[in-house]
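Engineer: File protein.cif below, mmCIF, C-alpha atoms and all ligand atoms:
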data_query
loop_
_atom_site.label_atom_id
_atom_site.label_comp_id
_atom_site.auth_asym_id
_atom_site.auth_seq_id
_atom_site.Cartn_x
_atom_site.Cartn_y
_atom_site.Cartn_z
CA MET A 1 14.89 -123.70 -13.51
CA THR A 2 15.14 -121.50 -16.61
CA GLN A 3 15.85 -118.60 -14.32
CA PHE A 4 18.55 -120.64 -12.62
CA LEU A 5 20.13 -121.57 -15.96
CA ARG A 6 20.03 -117.99 -17.08
CA ASN A 7 21.69 -116.82 -13.88
CA SER A 8 24.40 -119.44 -14.00
CA GLY A 9 24.98 -118.57 -17.66
CA ILE A 10 25.49 -114.94 -16.70
CA ALA A 11 27.81 -115.98 -13.87
CA ALA A 12 29.87 -118.11 -16.28
CA LEU A 13 30.09 -115.18 -18.71
CA MET A 14 31.27 -112.91 -15.93
CA VAL A 15 33.99 -115.40 -14.98
CA LEU A 16 35.06 -115.56 -18.62
CA ALA A 17 35.13 -111.79 -18.88
CA ALA A 18 37.23 -111.56 -15.73
CA ALA A 19 39.66 -114.18 -17.10
CA ALA A 20 39.91 -112.29 -20.40
CA MET A 21 40.68 -109.06 -18.53
CA LEU A 22 43.41 -110.78 -16.57
CA LEU A 23 44.91 -112.17 -19.76
CA ALA A 24 44.77 -108.77 -21.41
CA ALA A 25 46.48 -107.27 -18.37
CA CYS A 26 49.34 -109.70 -18.66
CA GLY A 27 50.25 -109.44 -22.29
CA GLY A 28 47.42 -111.10 -24.20
CA ALA A 29 47.27 -110.58 -27.96
CA ASP A 30 45.06 -107.50 -27.90
CA ASP A 31 46.79 -105.89 -25.00
CA GLN A 32 46.79 -102.23 -25.90
CA TYR A 33 50.05 -101.84 -24.04
CA GLY A 34 51.55 -104.99 -25.57
CA ASP A 35 54.99 -105.60 -27.01
CA ASP A 36 54.35 -103.63 -30.18
CA GLN A 37 53.71 -100.47 -28.25
CA ALA A 38 56.06 -100.99 -25.36
CA HIS A 39 56.66 -97.84 -23.41
CA ASP A 40 60.27 -96.91 -23.40
CA THR A 41 62.01 -96.11 -20.21
CA ASP A 42 61.97 -92.34 -20.91
CA ASP A 43 58.21 -92.34 -20.26
CA ALA A 44 58.97 -93.63 -16.82
CA ALA A 45 61.34 -90.87 -15.68
CA SER A 46 60.32 -90.45 -12.08
CA ALA A 47 56.98 -88.78 -11.94
CA GLU A 48 56.01 -86.56 -9.03
CA VAL A 49 54.02 -88.70 -6.62
CA THR A 50 52.02 -87.31 -3.71
CA THR A 51 51.67 -89.49 -0.63
CA GLY A 52 48.21 -88.94 0.81
CA GLU A 53 46.95 -90.30 4.10
CA LEU A 54 47.80 -94.00 4.39
CA SER A 55 45.78 -96.70 6.17
CA GLU A 56 47.48 -98.95 8.71
CA ALA A 57 47.82 -101.73 6.11
CA ALA A 58 49.29 -99.29 3.59
CA LEU A 59 51.81 -98.01 6.16
CA ALA A 60 52.97 -101.60 6.71
CA GLY A 61 53.04 -101.98 2.92
CA GLU A 62 55.16 -98.85 2.59
CA LYS A 63 57.89 -100.41 4.76
CA LEU A 64 57.78 -103.67 2.81
CA PHE A 65 57.79 -101.79 -0.49
CA SER A 66 60.76 -99.75 0.57
CA ALA A 67 62.72 -102.89 1.54
CA ASN A 68 61.74 -105.06 -1.45
CA CYS A 69 60.52 -103.00 -4.39
CA SER A 70 61.67 -99.39 -4.23
CA ALA A 71 65.18 -100.05 -5.59
CA CYS A 72 63.49 -100.60 -8.97
CA HIS A 73 60.07 -98.99 -8.64
CA GLY A 74 61.09 -95.88 -6.63
CA THR A 75 60.36 -94.95 -3.00
CA THR A 76 56.86 -93.72 -3.80
CA ALA A 77 56.39 -96.17 -6.69
CA ASN A 78 57.37 -93.30 -8.99
CA GLY A 79 59.85 -95.33 -11.06
CA THR A 80 63.65 -95.43 -11.37
CA SER A 81 66.10 -96.28 -14.13
CA GLN A 82 65.59 -99.94 -13.10
CA GLY A 83 61.83 -100.22 -13.19
CA PRO A 84 58.55 -98.50 -14.06
CA PRO A 85 56.36 -96.32 -11.84
CA LEU A 86 53.43 -98.30 -10.44
CA VAL A 87 51.56 -95.05 -9.78
CA HIS A 88 50.74 -94.99 -13.47
CA GLN A 89 47.60 -95.41 -15.57
CA ILE A 90 48.86 -98.80 -16.83
CA TYR A 91 48.70 -100.24 -13.31
CA GLU A 92 45.17 -99.12 -12.44
CA PRO A 93 42.95 -101.98 -11.24
CA SER A 94 41.07 -102.41 -14.53
CA HIS A 95 44.32 -103.16 -16.33
CA HIS A 96 46.43 -104.66 -13.55
CA GLY A 97 44.12 -106.02 -10.89
CA ASN A 98 45.36 -107.11 -7.48
CA ALA A 99 45.92 -110.65 -8.79
CA SER A 100 48.52 -109.39 -11.24
CA PHE A 101 50.45 -107.86 -8.32
CA VAL A 102 50.36 -111.14 -6.41
CA ILE A 103 51.54 -113.04 -9.51
CA ALA A 104 54.28 -110.48 -10.27
CA VAL A 105 55.74 -110.81 -6.77
CA ALA A 106 55.40 -114.60 -6.61
CA ARG A 107 56.65 -115.44 -10.10
CA GLY A 108 58.45 -112.37 -11.39
CA VAL A 109 57.55 -110.60 -14.63
CA ARG A 110 58.80 -111.11 -18.15
CA ALA A 111 59.48 -107.66 -19.66
CA HIS A 112 56.51 -106.74 -21.83
CA HIS A 113 55.41 -103.15 -21.19
CA TRP A 114 58.76 -101.43 -20.92
CA ASP A 115 62.44 -101.75 -21.78
CA PHE A 116 63.76 -102.28 -18.26
CA GLY A 117 64.20 -106.04 -18.55
CA ASN A 118 62.54 -108.74 -16.46
CA MET A 119 61.44 -108.41 -12.85
CA PRO A 120 62.77 -111.20 -10.61
CA ALA A 121 60.30 -112.87 -8.20
CA VAL A 122 60.37 -111.64 -4.60
CA PRO A 123 59.65 -114.95 -2.85
CA SER A 124 60.32 -113.71 0.69
CA LEU A 125 56.94 -111.94 0.92
CA GLU A 126 53.93 -113.73 2.47
CA ILE A 127 50.55 -113.23 0.84
CA GLU A 128 49.37 -110.90 3.67
CA GLN A 129 52.46 -108.79 3.09
CA ILE A 130 51.81 -108.63 -0.66
CA HIS A 131 48.30 -107.39 0.17
CA GLN A 132 49.78 -104.67 2.37
CA VAL A 133 52.06 -103.62 -0.50
CA ILE A 134 49.01 -103.54 -2.82
CA CYS A 135 47.23 -101.30 -0.27
CA TYR A 136 50.19 -98.92 -0.35
CA ILE A 137 50.20 -98.76 -4.16
CA ARG A 138 46.41 -98.44 -4.51
CA GLU A 139 46.32 -95.64 -1.89
CA LEU A 140 49.13 -93.83 -3.75
CA GLN A 141 47.18 -94.28 -7.00
CA LEU A 142 44.15 -92.80 -5.23
CA ALA A 143 46.13 -89.84 -3.85
CA ASN A 144 47.47 -89.13 -7.33
CA GLY A 145 44.19 -89.24 -9.20
CA ILE A 146 44.88 -92.51 -11.06
CA ILE A 147 41.86 -94.14 -9.42
CA ASP A 148 38.76 -92.76 -7.70
CA ASP A 149 38.36 -95.60 -5.20
CA VAL A 150 40.55 -98.34 -3.80
CA PRO A 151 38.97 -101.56 -5.19
CA THR A 152 36.73 -103.27 -2.64
CA SER A 153 38.75 -106.47 -3.14
CA THR A 154 41.77 -104.76 -1.56
CA PRO A 155 41.88 -105.54 2.16
CA CYS A 156 43.02 -102.13 3.45
C1 LIG B 1 65.02 -105.77 -9.78
C2 LIG B 1 64.00 -104.79 -10.09
C3 LIG B 1 62.60 -105.00 -9.55
C4 LIG B 1 62.21 -105.26 -8.25
C5 LIG B 1 63.08 -105.47 -7.02
C6 LIG B 1 60.77 -105.30 -8.28
N1 LIG B 1 60.31 -105.06 -9.55
FE1 LIG B 1 58.36 -105.03 -10.15
N2 LIG B 1 58.93 -104.79 -12.06
C7 LIG B 1 60.22 -104.56 -12.47
C8 LIG B 1 60.21 -104.33 -13.91
C9 LIG B 1 61.43 -104.01 -14.75
C10 LIG B 1 58.86 -104.42 -14.34
C11 LIG B 1 58.30 -104.16 -15.73
C12 LIG B 1 58.23 -105.39 -16.62
C13 LIG B 1 57.58 -105.01 -17.94
O1 LIG B 1 56.33 -105.05 -18.00
O2 LIG B 1 58.30 -104.64 -18.87
C14 LIG B 1 58.08 -104.72 -13.14
C15 LIG B 1 56.71 -104.89 -13.14
C16 LIG B 1 55.95 -105.02 -12.02
C17 LIG B 1 54.51 -105.17 -12.00
C18 LIG B 1 53.59 -105.27 -13.22
C19 LIG B 1 53.29 -106.74 -13.52
C20 LIG B 1 52.57 -106.99 -14.82
O3 LIG B 1 51.71 -107.89 -14.85
O4 LIG B 1 52.84 -106.29 -15.82
C21 LIG B 1 54.12 -105.20 -10.70
C22 LIG B 1 52.70 -105.33 -10.19
C23 LIG B 1 55.32 -105.11 -9.90
N3 LIG B 1 56.42 -105.01 -10.73
C24 LIG B 1 55.33 -105.08 -8.53
C25 LIG B 1 56.48 -105.20 -7.76
C26 LIG B 1 56.48 -105.31 -6.33
C27 LIG B 1 55.23 -105.26 -5.46
C28 LIG B 1 57.79 -105.46 -5.94
C29 LIG B 1 58.32 -105.69 -4.55
C30 LIG B 1 57.73 -106.76 -3.80
C31 LIG B 1 58.60 -105.41 -7.14
N4 LIG B 1 57.78 -105.23 -8.23
C32 LIG B 1 59.99 -105.51 -7.16
C33 LIG B 1 61.35 -104.57 -11.70
C34 LIG B 1 61.39 -104.87 -10.35
#
Just give me the structure as structure tokens.
Ligand code: HEC

Structural biologist:
Amino acid sequence: MTQFLRNSGIAALMVLAAAAMLLAACGGADDQYGDDQAHDTDDAASAEVTTGELSEAALAGEKLFSANCSACHGTTANGTSQGPPLVHQIYEPSHHGNASFVIAVARGVRAHHWDFGNMPAVPSLEIEQIHQVICYIRELQLANGIIDDVPTSTPC
């Protein structure tokens, strides 16, 4: 019983920690990339992005990204004058987990990291399609040394 209580306590703490990370990722008070230190758009000037080998899901994501996201985020998620690069340290999974991508697409984003303005929601994408787009971005992050592994929660 004690063991059980201890385990469930640890589980509850882990849930809390995960919730805190999500909050931090989306503009919580101690967000190190919060409003006070917003990156200006000059930082975003299209970085060189290498496209490595893409999985089937990421290839599908690439097409969806190109139709729905690249006008602002760049063809290889390298940024444009309308939106930030997603192949960027800020958008690695520990700071912007997959859930923050799903929320961004479903609800849009209030400008908080950069000076580009708000991102409108992209309601035409189904959840499976958003996951394919996430695969594309995570595999680009991998190919460009932002991450060492695609998170196991990403269905690629
Ligand atoms: C009309 C321009 C525009 C389009 C289209 C667009 N975005 Fe964005 N997006 C932005 C801007 C601008 C930001 C940065 C907001 C900020 O943090 O200042 C952003 C931020 C994001 C973020 C970070 C969210 C967060 O929690 O900080 C993600 C993830 C994202 N976009 C994904 C996408 C995906 C995927 C698509 C296509 C389905 C897409 N965007 C289409 C402009 C756009």

Engineer: Between atom C26 of ligand LIG 1 (chain B) and CA of Arg110 (chain A), what is the distance, to one decimal in Å?

Structural biologist: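 If I compute the distance from atom C26 of ligand LIG 1 (chain B) to CA of Arg110 (chain A), I get 13.4 Å.
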
Engineer: Counting only C-alpha atoms and all ligand atoms, which residues of chain A sit at most 9 Å from some atom of ligand LIG 1 (chain B), and what is each one's closest atom pair with its distance in Å to one decimal, listed by chain and rising residue number, as a tab-separated table?

Structural biologist:
residue	atom	partner	partner_atom	distance
A:Leu22	CA	B:LIG1	O3	9.0
A:Ala25	CA	B:LIG1	O3	6.3
A:Cys26	CA	B:LIG1	O3	4.8
A:Gly27	CA	B:LIG1	O4	7.6
A:Gly34	CA	B:LIG1	O1	9.0
A:Asp35	CA	B:LIG1	O2	8.8
A:Ala38	CA	B:LIG1	O2	7.8
A:His39	CA	B:LIG1	O2	8.3
A:Leu64	CA	B:LIG1	C30	7.3
A:Phe65	CA	B:LIG1	C29	5.7
A:Ser66	CA	B:LIG1	C29	8.2
A:Ala67	CA	B:LIG1	C29	8.0
A:Asn68	CA	B:LIG1	C29	4.7
A:Cys69	CA	B:LIG1	C29	3.5
A:Ser70	CA	B:LIG1	C5	6.8
A:Ala71	CA	B:LIG1	C5	6.0
A:Cys72	CA	B:LIG1	C2	4.4
A:His73	CA	B:LIG1	N1	6.1
A:Gln82	CA	B:LIG1	C2	5.9
A:Gly83	CA	B:LIG1	C9	4.1
A:Pro84	CA	B:LIG1	C11	5.9
A:Pro85	CA	B:LIG1	C14	8.7
A:Leu86	CA	B:LIG1	C21	6.9
A:Ile90	CA	B:LIG1	O4	8.5
A:Tyr91	CA	B:LIG1	C18	7.0
A:His95	CA	B:LIG1	O3	8.9
A:His96	CA	B:LIG1	O3	6.3
A:Gly97	CA	B:LIG1	C22	8.6
A:Asn98	CA	B:LIG1	C22	8.0
A:Ala99	CA	B:LIG1	C22	8.7
A:Ser100	CA	B:LIG1	O3	5.0
A:Phe101	CA	B:LIG1	C22	3.9
A:Val102	CA	B:LIG1	C22	7.3
A:Ile103	CA	B:LIG1	O3	7.4
A:Ala104	CA	B:LIG1	C19	5.1
A:Val105	CA	B:LIG1	C30	5.4
A:Ala106	CA	B:LIG1	C30	8.6
A:Gly108	CA	B:LIG1	FE1	7.4
A:Val109	CA	B:LIG1	C12	5.6
A:Arg110	CA	B:LIG1	C12	5.9
A:Ala111	CA	B:LIG1	O2	3.3
A:His112	CA	B:LIG1	O2	4.0
A:His113	CA	B:LIG1	O1	3.8
A:Trp114	CA	B:LIG1	O2	3.8
A:Asp115	CA	B:LIG1	O2	5.8
A:Phe116	CA	B:LIG1	C9	4.6
A:Gly117	CA	B:LIG1	C9	5.1
A:Asn118	CA	B:LIG1	C9	5.2
A:Met119	CA	B:LIG1	C33	4.0
A:Pro120	CA	B:LIG1	C1	5.9
A:Ala121	CA	B:LIG1	C32	7.4
A:Val122	CA	B:LIG1	C30	5.6
A:Pro123	CA	B:LIG1	C30	8.5
A:Ser124	CA	B:LIG1	C30	8.7
A:Leu125	CA	B:LIG1	C30	7.1
A:Gln129	CA	B:LIG1	C30	8.9
A:Ile130	CA	B:LIG1	C27	6.8
A:Val133	CA	B:LIG1	C27	6.1
A:Ile134	CA	B:LIG1	C27	7.0
A:Ile137	CA	B:LIG1	C27	8.3

Engineer: Using Å and a single decimal, report how far CA of Leu59 (chain A) sits from CA of Arg107 (chain A).

Structural biologist: 24.3 Å

Engineer: Please provide the set of residues having any atom within 8 Å of Gly52 (chain A), restricted to only C-alpha atoms, with same-chain residues fewer than 5 positions apart removed, written as a list of chain:residue names.

Structural biologist: A:Glu139, A:Leu140, A:Ala143

Engineer: In Å, how far is it from CA of Thr51 (chain A) to CA of Asn144 (chain A)?

Structural biologist: 7.9 Å

Engineer: List as a list in words the protein and nucleic acid residues near region 151-156 of chain A, meaning an atom at most 7 Å away when all atoms listed in the file are counted, but skip any in the same chain fewer than 2 places from it.

Structural biologist: Ser55, Ala57, Ala58, His131, Cys135 and Asp149 of chain A

Engineer: Tell me which of A:Thr75, A:Tyr136, A:Leu142, A:Thr41 sits closest to Glu92 (chain A), counting all atoms listed in the file.

Structural biologist: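 Among A:Thr75, A:Tyr136, A:Leu142, A:Thr41, it is A:Leu142 that comes nearest to Glu92 (chain A).
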